[in-house]
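S.K.: Please find target.txt (compact mmCIF, C-alpha atoms) on the next line:
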```txt
# COMPACT_ATOMS: atom_id res chain seq x y z
CA MET V 1478 71.84 125.24 54.65
CA PRO V 1479 74.97 123.06 54.30
CA GLU V 1480 74.41 119.36 54.66
CA SER V 1481 76.91 119.03 57.55
CA MET V 1482 75.08 121.69 59.58
CA THR V 1483 71.73 120.01 58.93
CA HIS V 1484 73.04 116.67 60.22
CA ALA V 1485 74.63 118.32 63.26
CA ARG V 1486 71.24 119.55 64.43
CA ILE V 1487 69.54 116.17 64.10
CA PRO V 1488 70.03 113.81 67.08
CA ARG V 1489 72.09 110.75 66.31
CA ARG V 1490 69.28 108.31 67.11
CA THR V 1491 66.94 110.28 64.86
CA ARG V 1492 69.47 110.13 62.04
CA CYS V 1493 69.53 106.35 62.48
CA ILE V 1494 65.76 106.10 61.70
CA LEU V 1495 65.73 108.58 58.80
CA PRO V 1496 66.39 105.82 56.21
CA LEU V 1497 63.27 104.02 57.44
CA ALA V 1498 61.25 107.22 57.12
CA MET V 1499 62.58 107.76 53.61
CA VAL V 1500 61.48 104.25 52.63
CA LEU V 1501 58.04 104.94 54.05
CA CYS V 1502 57.88 108.24 52.17
CA SER V 1503 58.80 106.53 48.89
CA ALA V 1504 56.19 103.86 49.44
CA GLY V 1505 53.57 106.46 50.31
CA HIS V 1506 54.44 108.55 47.29
CA ALA V 1507 54.03 105.56 45.00
CA ALA V 1508 50.71 104.68 46.60
CA ALA V 1509 49.57 108.25 46.23
CA GLN V 1510 50.43 108.25 42.53
CA ASP V 1511 48.41 105.06 42.03
CA ALA V 1512 45.49 106.57 43.90
CA ASP V 1513 45.64 109.75 41.81
CA ALA V 1514 45.66 107.75 38.63
CA LYS V 1515 42.51 105.84 39.61
CA ALA V 1516 40.68 108.75 41.22
CA PRO V 1517 38.10 110.80 39.30
CA THR V 1518 39.12 114.14 37.93
CA VAL V 1519 36.83 115.93 40.35
CA PRO V 1520 38.90 116.69 43.53
CA GLN V 1521 37.55 115.40 46.85
CA ARG V 1522 37.04 117.83 49.66
CA GLY V 1523 36.76 117.65 53.46
CA TRP V 1524 38.72 116.10 56.33
CA THR V 1525 37.63 112.60 55.43
CA ALA V 1526 39.32 112.83 52.08
CA TYR V 1527 42.43 114.37 53.64
CA LEU V 1528 42.79 111.58 56.20
CA ALA V 1529 42.18 108.95 53.54
CA ASP V 1530 45.05 110.30 51.47
CA PRO V 1531 48.05 107.85 51.67
CA ARG V 1532 50.41 110.78 51.86
CA THR V 1533 48.82 111.82 55.16
CA ALA V 1534 49.52 108.38 56.64
CA VAL V 1535 53.16 108.70 55.60
CA LEU V 1536 53.44 112.12 57.26
CA VAL V 1537 51.82 110.87 60.47
CA THR V 1538 54.13 107.84 60.57
CA LEU V 1539 57.15 110.03 60.00
CA ALA V 1540 56.07 112.42 62.76
CA LEU V 1541 55.58 109.54 65.21
CA VAL V 1542 58.98 108.02 64.42
CA ILE V 1543 60.80 111.32 64.87
CA GLY V 1544 58.76 112.25 67.93
CA LEU V 1545 59.27 108.94 69.74
CA GLY V 1546 62.99 108.83 68.95
CA GLY V 1547 63.60 112.41 69.93
CA GLY V 1548 61.42 112.11 73.03
CA ARG V 1549 63.30 109.08 74.25
CA GLN V 1550 66.57 110.92 73.78
CA VAL V 1551 65.22 113.92 75.67
CA LEU V 1552 64.11 111.64 78.50
CA GLN V 1553 67.54 110.02 78.65
CA GLY V 1554 69.09 113.47 78.71
CA PHE V 1555 66.98 114.45 81.73
CA LYS V 1556 67.97 111.26 83.54
CA ALA V 1557 71.65 111.82 82.75
CA ARG V 1558 71.40 115.41 83.98
CA GLY V 1559 69.86 114.19 87.22
CA ALA V 1560 72.59 111.57 87.68
CA VAL V 1561 75.28 114.22 87.16
CA ASP V 1562 73.60 116.60 89.61
CA ARG V 1563 73.72 113.90 92.28
CA LEU V 1564 77.51 113.82 91.95
CA ALA V 1565 77.82 117.41 93.18
CA GLY V 1566 79.89 118.08 96.31
CA ASP V 1567 82.59 115.92 97.82
CA ARG V 1568 80.37 113.41 99.67
CA PRO V 1569 77.78 111.97 97.23
CA ASP V 1570 76.32 108.59 98.12
CA LEU V 1571 78.05 105.56 96.66
CA ALA V 1572 74.98 104.32 94.75
CA SER V 1573 74.75 107.60 92.83
CA ILE V 1574 78.42 107.41 91.90
CA LEU V 1575 78.13 103.89 90.55
CA GLU V 1576 74.88 104.73 88.72
CA ALA V 1577 76.57 107.56 86.81
CA SER V 1578 78.38 105.08 84.55
CA ARG V 1579 75.02 104.06 83.03
CA TYR V 1580 74.77 107.42 81.27
CA GLY V 1581 78.04 107.31 79.36
CA ARG V 1582 80.38 110.26 79.46
CA ALA V 1583 77.84 112.67 80.98
CA GLY V 1584 79.43 112.50 84.45
CA LEU V 1585 83.03 112.04 83.32
CA ILE V 1586 84.42 115.29 84.76
CA ASP V 1587 82.71 114.83 88.14
CA LEU V 1588 83.88 111.22 88.40
CA TYR V 1589 87.49 112.26 87.83
CA ARG V 1590 87.04 115.03 90.40
CA LEU V 1591 85.74 112.58 93.00
CA LEU V 1592 88.58 110.20 92.22
CA ASP V 1593 91.00 112.98 93.18
CA GLU V 1594 89.09 114.87 95.86
CA GLY V 1595 86.65 112.39 97.42
CA LYS V 1596 86.65 112.71 101.21
CA THR V 1597 86.82 108.96 101.88
CA SER V 1598 88.54 106.02 100.25
CA GLU V 1599 85.11 104.47 99.60
CA ILE V 1600 84.06 107.50 97.53
CA ARG V 1601 87.32 107.53 95.61
CA ASN V 1602 87.11 103.81 94.90
CA ALA V 1603 83.46 104.09 93.78
CA ALA V 1604 84.40 106.88 91.35
CA GLY V 1605 87.25 104.73 90.04
CA GLU V 1606 84.92 101.76 89.64
CA ALA V 1607 82.44 103.87 87.64
CA LEU V 1608 85.22 105.16 85.38
CA SER V 1609 86.49 101.61 85.00
CA ALA V 1610 83.03 100.58 83.77
CA LEU V 1611 83.19 103.34 81.13
CA TRP V 1612 86.64 102.09 80.14
CA LYS V 1613 85.34 98.55 79.76
CA ALA V 1614 82.53 99.88 77.52
CA ASP V 1615 85.15 101.60 75.29
CA MET V 1616 83.90 105.08 76.19
CA LEU V 1617 87.34 106.44 77.14
CA ILE V 1618 90.19 107.43 74.89
CA ALA V 1619 93.73 106.22 75.57
CA GLU V 1620 94.83 109.39 77.39
CA GLU V 1621 91.80 109.19 79.69
CA GLU V 1622 92.58 105.54 80.43
CA LYS V 1623 96.16 106.44 81.35
CA GLY V 1624 94.90 109.27 83.53
CA LEU V 1625 92.62 106.86 85.37
CA VAL V 1626 95.50 104.47 86.10
CA ARG V 1627 97.81 107.32 87.11
CA ARG V 1628 95.25 108.84 89.50
CA GLY V 1629 94.12 105.50 90.94
CA TYR V 1630 97.66 104.19 91.49
CA ARG V 1631 98.31 103.35 95.16
CA VAL V 1632 101.51 102.22 96.91
CA ASP V 1633 101.85 100.86 100.47
CA TRP V 1634 105.27 100.31 102.04
CA SER V 1635 105.72 98.09 105.10
CA LEU V 1636 108.95 98.44 107.11
CA ARG V 1637 110.28 100.12 110.23
CA ARG V 1638 111.60 103.65 110.04
CA ARG V 1639 114.45 103.00 112.51
CA TYR V 1640 116.61 99.93 113.06
CA PRO V 1641 119.38 99.37 115.59
CA ARG V 1642 122.85 99.66 114.11
CA GLY V 1643 123.72 96.44 115.93
CA LEU V 1644 121.11 94.42 113.98
CA GLU V 1645 122.77 91.33 112.51
CA VAL V 1646 119.95 89.54 110.69
CA ALA V 1647 118.31 90.59 107.44
CA PHE V 1648 115.12 92.56 107.88
CA PRO V 1649 112.09 92.26 105.54
CA VAL V 1650 110.58 95.03 103.44
CA SER V 1651 107.30 94.68 101.55
CA VAL V 1652 105.60 96.99 99.07
CA SER V 1653 102.14 96.54 97.59
CA PHE V 1654 100.85 98.54 94.65
CA GLY V 1655 98.19 98.60 91.98
CA VAL V 1656 94.80 100.16 91.22
CA PRO V 1657 92.53 99.18 94.13
CA PHE V 1658 89.15 99.70 92.45
CA LEU V 1659 89.80 97.07 89.78
CA ALA V 1660 88.05 93.94 91.05
CA GLU V 1661 86.95 90.56 89.77
CA GLY V 1662 83.24 90.19 89.08
CA GLY V 1663 82.43 93.92 88.89
CA ASP V 1664 81.14 96.08 86.06
CA GLY V 1665 84.60 97.45 85.31
CA LEU V 1666 87.94 96.04 84.30
CA LYS V 1667 89.54 93.09 86.08
CA PRO V 1668 92.92 93.35 87.83
CA SER V 1669 94.33 91.01 85.19
CA ASN V 1670 93.60 93.61 82.47
CA LEU V 1671 96.66 95.51 83.74
CA GLU V 1672 100.13 93.97 83.88
CA TRP V 1673 102.96 95.42 85.96
CA SER V 1674 106.74 95.49 85.95
CA TYR V 1675 108.77 97.21 88.66
CA ARG V 1676 112.15 97.82 90.23
CA VAL V 1677 113.23 99.08 93.66
CA MET V 1678 116.20 101.42 93.67
CA GLY V 1679 118.44 101.90 96.70
CA THR V 1680 118.41 98.26 97.84
CA GLU V 1681 122.06 97.60 96.96
CA ARG V 1682 120.86 94.49 95.12
CA ALA V 1683 121.10 94.20 91.35
CA ALA V 1684 118.18 91.76 91.11
CA LEU V 1685 115.84 94.29 92.72
CA GLU V 1686 117.18 97.30 90.81
CA SER V 1687 116.40 95.64 87.45
CA TYR V 1688 112.85 95.56 86.10
CA SER V 1689 110.87 92.46 86.99
CA GLU V 1690 108.93 90.29 84.57
CA TRP V 1691 105.44 91.48 83.64
CA ALA V 1692 102.73 90.10 85.94
CA PRO V 1693 98.99 90.80 86.44
CA GLY V 1694 98.14 93.09 89.34
CA PRO V 1695 97.84 93.91 92.08
CA ILE V 1696 101.47 93.31 93.04
CA SER V 1697 102.76 92.50 96.52
CA ALA V 1698 106.56 92.34 96.60
CA ARG V 1699 108.55 91.20 99.63
CA PHE V 1700 112.32 91.15 99.95
CA GLU V 1701 115.01 91.24 102.63
CA LEU V 1702 117.79 93.75 103.14
CA ASN V 1703 121.09 93.08 104.89
CA PRO V 1704 122.01 95.76 107.46
CA GLY V 1705 125.68 95.34 106.60
CA ASP V 1706 125.02 96.52 103.03
CA PHE V 1707 124.19 100.04 104.22
CA GLN V 1708 126.99 102.22 105.49
CA GLY V 1709 126.35 104.87 108.08
CA GLU V 1710 123.18 105.55 110.01
CA GLY V 1711 121.06 107.03 107.22
CA THR V 1712 118.80 108.29 105.91
CA HIS V 1713 118.61 105.44 103.36
CA ARG V 1714 116.02 105.82 100.62
CA LEU V 1715 114.13 103.14 98.71
CA VAL V 1716 112.41 104.15 95.46
CA LEU V 1717 109.71 102.11 93.72
CA HIS V 1718 109.51 102.64 89.97
CA ALA V 1719 106.60 100.74 88.41
CA ARG V 1720 105.15 100.64 84.93
CA ALA V 1721 101.83 99.27 83.67
CA ARG V 1722 100.48 98.02 80.37
CA THR V 1723 97.07 96.92 79.15
CA LYS V 1724 96.17 93.33 78.33
CA ASP V 1725 93.20 92.00 76.31
CA LEU V 1726 91.78 95.51 75.82
CA THR V 1727 90.97 97.57 72.71
CA GLU V 1728 93.66 100.16 73.37
CA GLN V 1729 97.19 98.81 73.83
CA TRP V 1730 99.60 101.10 75.67
CA GLN V 1731 102.32 101.18 78.33
CA LEU V 1732 102.68 103.77 81.09
CA ASP V 1733 105.47 104.72 83.50
CA LEU V 1734 103.99 105.50 86.92
CA PRO V 1735 105.33 108.19 89.27
CA GLN V 1736 108.18 107.04 91.49
CA VAL V 1737 107.20 106.51 95.14
CA ASN V 1738 109.86 106.42 97.84
CA THR V 1739 110.25 105.60 101.50
CA SER V 1740 113.20 105.78 103.88
CA PHE V 1741 114.73 104.15 106.94
CA GLU V 1742 117.75 104.76 109.14
CA PHE V 1743 120.05 102.96 111.58
CA ASP V 1744 120.40 104.27 115.13
CA ARG V 1745 123.52 103.50 117.17
CA ASN V 1746 121.67 104.44 120.36
CA LEU V 1747 118.85 101.98 119.71
CA ALA V 1748 119.57 98.61 121.35
CA VAL V 1749 118.55 95.36 119.68
CA ASP V 1750 116.82 94.20 122.87
CA ALA V 1751 114.76 97.41 123.11
CA LEU V 1752 111.70 95.39 122.06
CA LEU V 1753 111.81 93.19 125.17
CA THR V 1754 109.02 93.99 127.59
CA MET V 1755 109.25 93.85 131.41
CA PRO V 1756 108.45 90.38 132.83
CA ASP V 1757 105.99 89.71 135.63
CA ASP V 1758 104.61 86.53 137.19
CA THR V 1759 101.00 87.10 136.22
CA ARG V 1760 101.71 87.48 132.53
CA GLY V 1761 104.29 84.71 132.71
CA GLU V 1762 101.66 82.23 133.88
CA ALA V 1763 99.26 83.44 131.19
CA MET V 1764 101.89 83.02 128.50
CA GLN V 1765 102.69 79.51 129.72
CA LYS V 1766 99.01 78.52 129.50
CA ALA V 1767 98.51 80.20 126.13
CA LEU V 1768 101.18 78.12 124.34
CA THR V 1769 100.72 74.36 124.25
CA LEU V 1770 101.88 71.47 122.10
CA VAL V 1771 99.02 69.38 120.68
CA PRO V 1772 98.77 66.28 118.43
CA SER V 1773 98.20 67.10 114.80
CA LYS V 1774 94.86 65.22 114.49
CA GLY V 1775 95.26 65.22 110.73
CA GLU V 1776 95.96 68.95 110.32
CA THR V 1777 99.44 68.15 109.00
CA THR V 1778 98.31 65.52 106.50
CA GLU V 1779 98.87 66.14 102.81
CA PRO V 1780 95.95 66.94 100.42
CA ASP V 1781 95.87 63.34 99.22
CA GLY V 1782 95.35 62.10 102.81
CA SER V 1783 98.87 60.82 103.39
CA SER V 1784 100.78 61.63 106.55
CA ALA V 1785 103.15 64.55 106.92
CA PHE V 1786 106.72 64.02 108.12
CA LEU V 1787 109.36 66.07 109.92
CA THR V 1788 112.91 65.04 109.09
CA LEU V 1789 115.00 64.30 112.20
CA ASN V 1790 118.21 63.09 110.55
CA ARG V 1791 119.35 60.98 107.61
CA GLU V 1792 117.61 57.87 108.90
CA PHE V 1793 114.52 58.92 110.86
CA VAL V 1794 111.49 61.19 110.61
CA LEU V 1795 108.52 62.11 112.79
CA ARG V 1796 105.17 60.96 111.46
CA ASP V 1797 102.46 63.68 111.80
CA PRO V 1798 104.52 65.99 114.04
CA PRO V 1799 102.57 67.87 116.75
CA LEU V 1800 101.54 71.51 116.38
CA LEU V 1801 102.18 74.51 118.55
CA ARG V 1802 98.84 76.01 119.63
CA LEU V 1803 98.57 79.71 120.47
CA THR V 1804 95.44 80.67 122.42
CA THR V 1805 94.71 84.33 121.70
CA PRO V 1806 94.76 87.01 122.89
CA LEU V 1807 98.31 86.67 124.21
CA PRO V 1808 99.47 88.91 127.08
CA SER V 1809 102.57 89.80 125.07
CA GLU V 1810 103.98 89.34 121.58
CA LEU V 1811 106.36 86.61 120.45
CA ALA V 1812 109.67 86.66 118.63
CA HIS V 1813 111.08 83.32 119.78
CA ARG V 1814 113.14 80.49 118.37
CA ALA V 1815 111.74 77.00 118.87
CA TYR V 1816 113.89 74.14 120.18
CA LEU V 1817 112.95 70.45 120.45
CA GLU V 1818 113.79 68.39 123.52
CA PHE V 1819 113.48 64.59 123.39
CA GLU V 1820 113.05 62.72 126.63
CA GLY V 1821 116.29 60.94 127.48
CA ILE V 1822 118.44 63.14 125.19
CA ASP V 1823 120.29 66.01 126.83
CA GLU V 1824 120.79 68.07 123.68
CA THR V 1825 118.19 70.50 122.24
CA TYR V 1826 117.64 71.11 118.52
CA GLU V 1827 116.56 74.32 116.84
CA ALA V 1828 113.33 73.77 114.94
CA GLY V 1829 112.01 76.99 113.45
CA GLN V 1830 110.74 80.20 114.96
CA VAL V 1831 107.52 81.79 116.17
CA VAL V 1832 106.87 85.48 115.48
CA PHE V 1833 103.42 86.69 116.51
CA ALA V 1834 102.32 90.32 116.75
CA GLY V 1835 98.88 89.91 118.30
CA THR V 1836 97.08 92.63 120.22
CA PRO V 1837 95.53 92.41 123.74
CA ASP V 1838 92.07 93.29 122.37
CA GLU V 1839 92.20 90.51 119.76
CA PRO V 1840 89.16 88.18 119.88
CA LYS V 1841 89.55 84.81 121.51
CA GLY V 1842 90.68 82.03 119.25
CA GLU V 1843 93.33 79.43 118.49
CA ILE V 1844 96.22 79.54 116.04
CA LEU V 1845 98.12 76.38 115.08
CA ARG V 1846 101.75 76.68 114.05
CA PRO V 1847 103.93 73.83 112.71
CA ILE V 1848 107.33 73.08 114.21
CA GLY V 1849 110.49 72.69 112.14
CA PRO V 1850 112.49 72.37 110.07
CA ILE V 1851 115.32 71.11 112.27
CA ALA V 1852 118.54 73.06 111.77
CA GLY V 1853 122.04 71.65 111.40
CA THR V 1854 122.79 67.98 110.94
CA GLY V 1855 119.64 66.87 112.75
CA VAL V 1856 118.80 64.97 115.91
CA THR V 1857 121.40 62.63 117.38
CA GLY V 1858 120.71 59.93 119.93
CA ILE V 1859 117.81 58.30 118.05
CA ASP V 1860 118.85 54.90 116.71
CA ALA V 1861 115.55 53.04 116.32
CA PRO V 1862 111.94 53.76 115.37
CA GLY V 1863 109.19 53.77 117.96
CA LEU V 1864 107.27 56.02 120.35
CA ARG V 1865 109.08 58.90 122.03
CA ARG V 1866 108.15 61.99 124.00
CA LEU V 1867 109.16 65.51 123.08
CA ARG V 1868 108.42 69.08 124.08
CA VAL V 1869 109.10 72.52 122.61
CA VAL V 1870 111.14 75.24 124.30
CA LEU V 1871 110.61 78.82 123.07
CA ARG V 1872 113.46 81.22 123.74
CA PRO V 1873 113.22 84.95 122.96
CA ASP V 1874 115.41 86.36 120.19
CA PRO V 1875 115.20 90.18 119.88
CA GLN V 1876 116.89 89.98 116.49
CA LEU V 1877 113.77 88.22 115.17
CA GLY V 1878 111.56 90.96 116.57
CA TRP V 1879 112.85 93.47 114.03
CA SER V 1880 111.57 91.24 111.22
CA ASP V 1881 107.96 92.32 111.82
CA PRO V 1882 107.30 96.07 111.58
CA THR V 1883 104.07 95.72 113.58
CA LEU V 1884 105.71 94.01 116.59
CA ARG V 1885 106.26 96.32 119.57
CA SER V 1886 106.95 94.28 122.73
CA ILE V 1887 108.46 90.78 123.01
CA TRP V 1888 107.90 88.51 125.97
CA PRO V 1889 111.40 88.18 127.52
CA GLY V 1890 110.94 84.80 129.17
CA THR V 1891 111.42 81.20 128.04
CA ILE V 1892 108.27 79.14 127.50
CA VAL V 1893 108.30 75.34 127.87
CA THR V 1894 105.40 73.15 126.70
CA ASP V 1895 104.26 69.85 128.20
CA TRP V 1896 105.53 66.52 126.88
CA VAL V 1897 103.75 65.00 123.88
CA GLU V 1898 104.08 61.46 122.56
CA VAL V 1899 105.28 61.17 118.94
CA ARG V 1900 106.13 58.31 116.61
CA VAL V 1901 109.57 57.99 115.02
CA ILE V 1902 109.85 55.93 111.81
CA ARG V 1903 112.56 55.28 109.27
CA ARG V 1904 112.75 57.40 106.14
```
Here is a file; write its structure as structure tokens.

M.R.:
Amino acid sequence: MPESMTHARIPRRTRCILPLAMVLCSAGHAAAQDADAKAPTVPQRGWTAYLADPRTAVLVTLALVIGLGGGRQVLQGFKARGAVDRLAGDRPDLASILEASRYGRAGLIDLYRLLDEGKTSEIRNAAGEALSALWKADMLIAEEEKGLVRRGYRVDWSLRRRYPRGLEVAFPVSVSFGVPFLAEGGDGLKPSNLEWSYRVMGTERAALESYSEWAPGPISARFELNPGDFQGEGTHRLVLHARARTKDLTEQWQLDLPQVNTSFEFDRNLAVDALLTMPDDTRGEAMQKALTLVPSKGETTEPDGSSAFLTLNREFVLRDPPLLRLTTPLPSELAHRAYLEFEGIDETYEAGQVVFAGTPDEPKGEILRPIGPIAGTGVTGIDAPGLRRLRVVLRPDPQLGWSDPTLRSIWPGTIVTDWVEVRVIRR
């Protein structure tokens, strides 16, 4: 029988212990020769003599070594077969999926199948995590690694599908992408083992339509688009083209991912103020109570313990400016610009904005929002440091409402907080 065929029939672990058996055989043969030289010429008979023969000990040792090694491999094979059988169907339990990676490539085909066809995202992610563990153990070839990234690649766009043609402010678009089952602290690869570069076509912006610098995943990109850059009502298409490459892994490769697109359009019949809800006294009182101005109590201090400051003009600042407190749930959503009013000064000053897309069934709680920065040239009418009183006036701005794709109804009324005492100091 050819040597290659003989080796092919011997399990790998058994082949690993054959050298040891050969050494034992050599030692036994030498001992047997010494024994034969010293033994009398009359041959011994019976089982006692057979068992006392050194060559018998060598044969028994060899049989035990081969039997234990082969038996262990057979046992592992049964366990692997059982683990693969538990992956059958499209709804195996998550523990069985994760356990399959302990038996090497035995469940490779089923894990890829579950990654594609699993009925829930939890099943698909568990299959991806198990395959990622095999990747980390260098049990996948480069093409299988690329297939895992390509199949596990996920993209989430966040934007509205329709905007009013009369929109004048830039509206935000965000896109998140990566391989969700790569996690820190798990048995598989870390997110930082894959680096990403991307571009977004159709934005009418050269900076976005050129590939970005390589960065570890997952990636969350946010950018703004100017309505005036898009002619006509639509449909306008955005296309994400991402590529990935490995980092600090055995196999080094780069992969272009499938392009994923989304679209939006402008509607001339859609009014900018379509997001404003209908006012009523009951909700108006609730909104007034839900928004208050409170002292900072140290929340605005810097990490080193120093005070925070809000610039009023070239000469003066507010020390530890107060915070706007939102008591949730709110009866309606907010897309308001904030204005400061100082007691004794007739003019108001724009100082930031408040956009909040809470839901009526949101649990009770408090959210603190800072005020500022102050727009324009700053506050006039303040010519000396000291204590002053101010309040915040929130005025609805439907244009702001289109900046949050989850916002559906803006409170149409103006909200005025109570007066709060603040300290003005020189810069």

S.K.: For a test of reading the model, state the distance in Å between atom CA of V:Val1794 and atom CA of V:Lys1766, rounded to one decimal.

M.R.: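 Straight-line distance from atom CA of V:Val1794 to atom CA of V:Lys1766 works out to 28.5 Å.
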
S.K.: Find the distance between atom CA of V:Lys1596 and atom CA of V:Arg1568 and write it in Å to one decimal.

M.R.: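 Taking atom CA of V:Lys1596 and atom CA of V:Arg1568, their separation equals 6.5 Å.
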
S.K.: Please tell me which residues are no farther than 12 Å from (106.8, 97.7, 117.2) in the file, counting only C-alpha atoms, and write them as a PDB file with C-alpha atoms, in the coordinates of the input.

M.R.:
```pdb
ATOM      1  CA  LEU V1636     108.950  98.440 107.110  1.00  0.00           C
ATOM      2  CA  ARG V1637     110.280 100.120 110.230  1.00  0.00           C
ATOM      3  CA  ARG V1638     111.600 103.650 110.040  1.00  0.00           C
ATOM      4  CA  ARG V1639     114.450 103.000 112.510  1.00  0.00           C
ATOM      5  CA  TYR V1640     116.610  99.930 113.060  1.00  0.00           C
ATOM      6  CA  ALA V1751     114.760  97.410 123.110  1.00  0.00           C
ATOM      7  CA  LEU V1752     111.700  95.390 122.060  1.00  0.00           C
ATOM      8  CA  LEU V1753     111.810  93.190 125.170  1.00  0.00           C
ATOM      9  CA  THR V1754     109.020  93.990 127.590  1.00  0.00           C
ATOM     10  CA  SER V1809     102.570  89.800 125.070  1.00  0.00           C
ATOM     11  CA  GLU V1810     103.980  89.340 121.580  1.00  0.00           C
ATOM     12  CA  LEU V1811     106.360  86.610 120.450  1.00  0.00           C
ATOM     13  CA  ALA V1812     109.670  86.660 118.630  1.00  0.00           C
ATOM     14  CA  PHE V1833     103.420  86.690 116.510  1.00  0.00           C
ATOM     15  CA  ALA V1834     102.320  90.320 116.750  1.00  0.00           C
ATOM     16  CA  GLY V1835      98.880  89.910 118.300  1.00  0.00           C
ATOM     17  CA  THR V1836      97.080  92.630 120.220  1.00  0.00           C
ATOM     18  CA  PRO V1875     115.200  90.180 119.880  1.00  0.00           C
ATOM     19  CA  LEU V1877     113.770  88.220 115.170  1.00  0.00           C
ATOM     20  CA  GLY V1878     111.560  90.960 116.570  1.00  0.00           C
ATOM     21  CA  TRP V1879     112.850  93.470 114.030  1.00  0.00           C
ATOM     22  CA  SER V1880     111.570  91.240 111.220  1.00  0.00           C
ATOM     23  CA  ASP V1881     107.960  92.320 111.820  1.00  0.00           C
ATOM     24  CA  PRO V1882     107.300  96.070 111.580  1.00  0.00           C
ATOM     25  CA  THR V1883     104.070  95.720 113.580  1.00  0.00           C
ATOM     26  CA  LEU V1884     105.710  94.010 116.590  1.00  0.00           C
ATOM     27  CA  ARG V1885     106.260  96.320 119.570  1.00  0.00           C
ATOM     28  CA  SER V1886     106.950  94.280 122.730  1.00  0.00           C
ATOM     29  CA  ILE V1887     108.460  90.780 123.010  1.00  0.00           C
TER      30      ILE V1887
END
```

S.K.: Smallest atom-to-atom distance to V:Ile1822: which of V:Asp1633, V:Asp1860, V:Asp1750, V:Asp1615, using only C-alpha atoms?

M.R.: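 Of V:Asp1633, V:Asp1860, V:Asp1750, V:Asp1615, the one nearest V:Ile1822, counting only C-alpha atoms, is V:Asp1860.
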
S.K.: Distance atom CA of V:Tyr1816-atom CA of V:Leu1702, one decimal place?

M.R.: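 Pair atom CA of V:Tyr1816 / atom CA of V:Leu1702 returns 26.3 Å.
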
S.K.: So which residues touch V:Ser1773 within 9 Å, counting all atoms listed in the file, skipping near sequence neighbours fewer than 5 positions away, as a PyMOL selection string?

M.R.: chain V and resi 1778+1797-1800

S.K.: With distances taken over all atoms listed in the file, which residue among V:Leu1608, V:Ala1861, V:Val1771, V:Val1749 lies nearest V:Arg1846?

M.R.: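 Closest residue, counting all atoms listed in the file: V:Val1771.
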
S.K.: Taking all atoms listed in the file into account, name the residue in V:Gly1849, V:Gly1821, V:Gly1890, V:Gly1665 that is nearest to V:Leu1867.

M.R.: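 Looking only at the distances to V:Leu1867, the closest residue turns out to be V:Gly1821.
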
S.K.: Residues near stretch 1891-1896 of chain V, anyone? I mean within 7 Å using only C-alpha atoms, not counting same-chain ones fewer than 4 positions away, as a VMD selection string.

M.R.: chain V and resid 1765 1768 to 1770 1866 to 1873

S.K.: From the set V:Asp1744, V:Glu1824, V:Glu1686, V:Glu1599, which residue has the shortest atom-to-atom contact distance to V:Val1716, counting only C-alpha atoms?

M.R.: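 Nearest candidate to V:Val1716 out of V:Asp1744, V:Glu1824, V:Glu1686, V:Glu1599: V:Glu1686.
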
S.K.: Need the shell around V:Asp1593: protein/DNA/RNA residues with any atom at most 8 Å away, counting all atoms listed in the file. Skip same-chain ones fewer than 4 positions apart. Format as a ChimeraX atom specification?

M.R.: /V:1589,1601,1628

S.K.: Measuring atom to atom with all atoms listed in the file, identify which of V:Arg1676, V:His1713, V:Arg1904, V:Arg1802 is nearest to V:Ala1767.

M.R.: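 Of all the options, V:Arg1802 lies closest to V:Ala1767.
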
S.K.: So which one's closest to V:Ala1577, V:Asp1725, V:Glu1606, V:Glu1594, V:Glu1742? Using all atoms listed in the file, please.

M.R.: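 Looking at the shortest contact to V:Ala1577, the residue is V:Glu1606.
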
S.K.: Which centre and edge lengths in Å to one decimal define the box along x, y and z that fits every listed atom of stretch 1843-1859 of chain V plus 4 Å per side, as lines of an AutoDock Vina configuration file?

M.R.:
```
center_x = 108.1
center_y = 68.9
center_z = 115.0
size_x = 37.5
size_y = 29.2
size_z = 17.9
```

S.K.: Using all atoms listed in the file, collect all residues at a distance of at most 12 Å from (107.4, 98.5, 97.4) as written in the file, then present them as number ranges by chain.

M.R.: V: 1631-1636, 1649-1655, 1674-1680, 1685-1686, 1695-1701, 1714-1719, 1736-1740
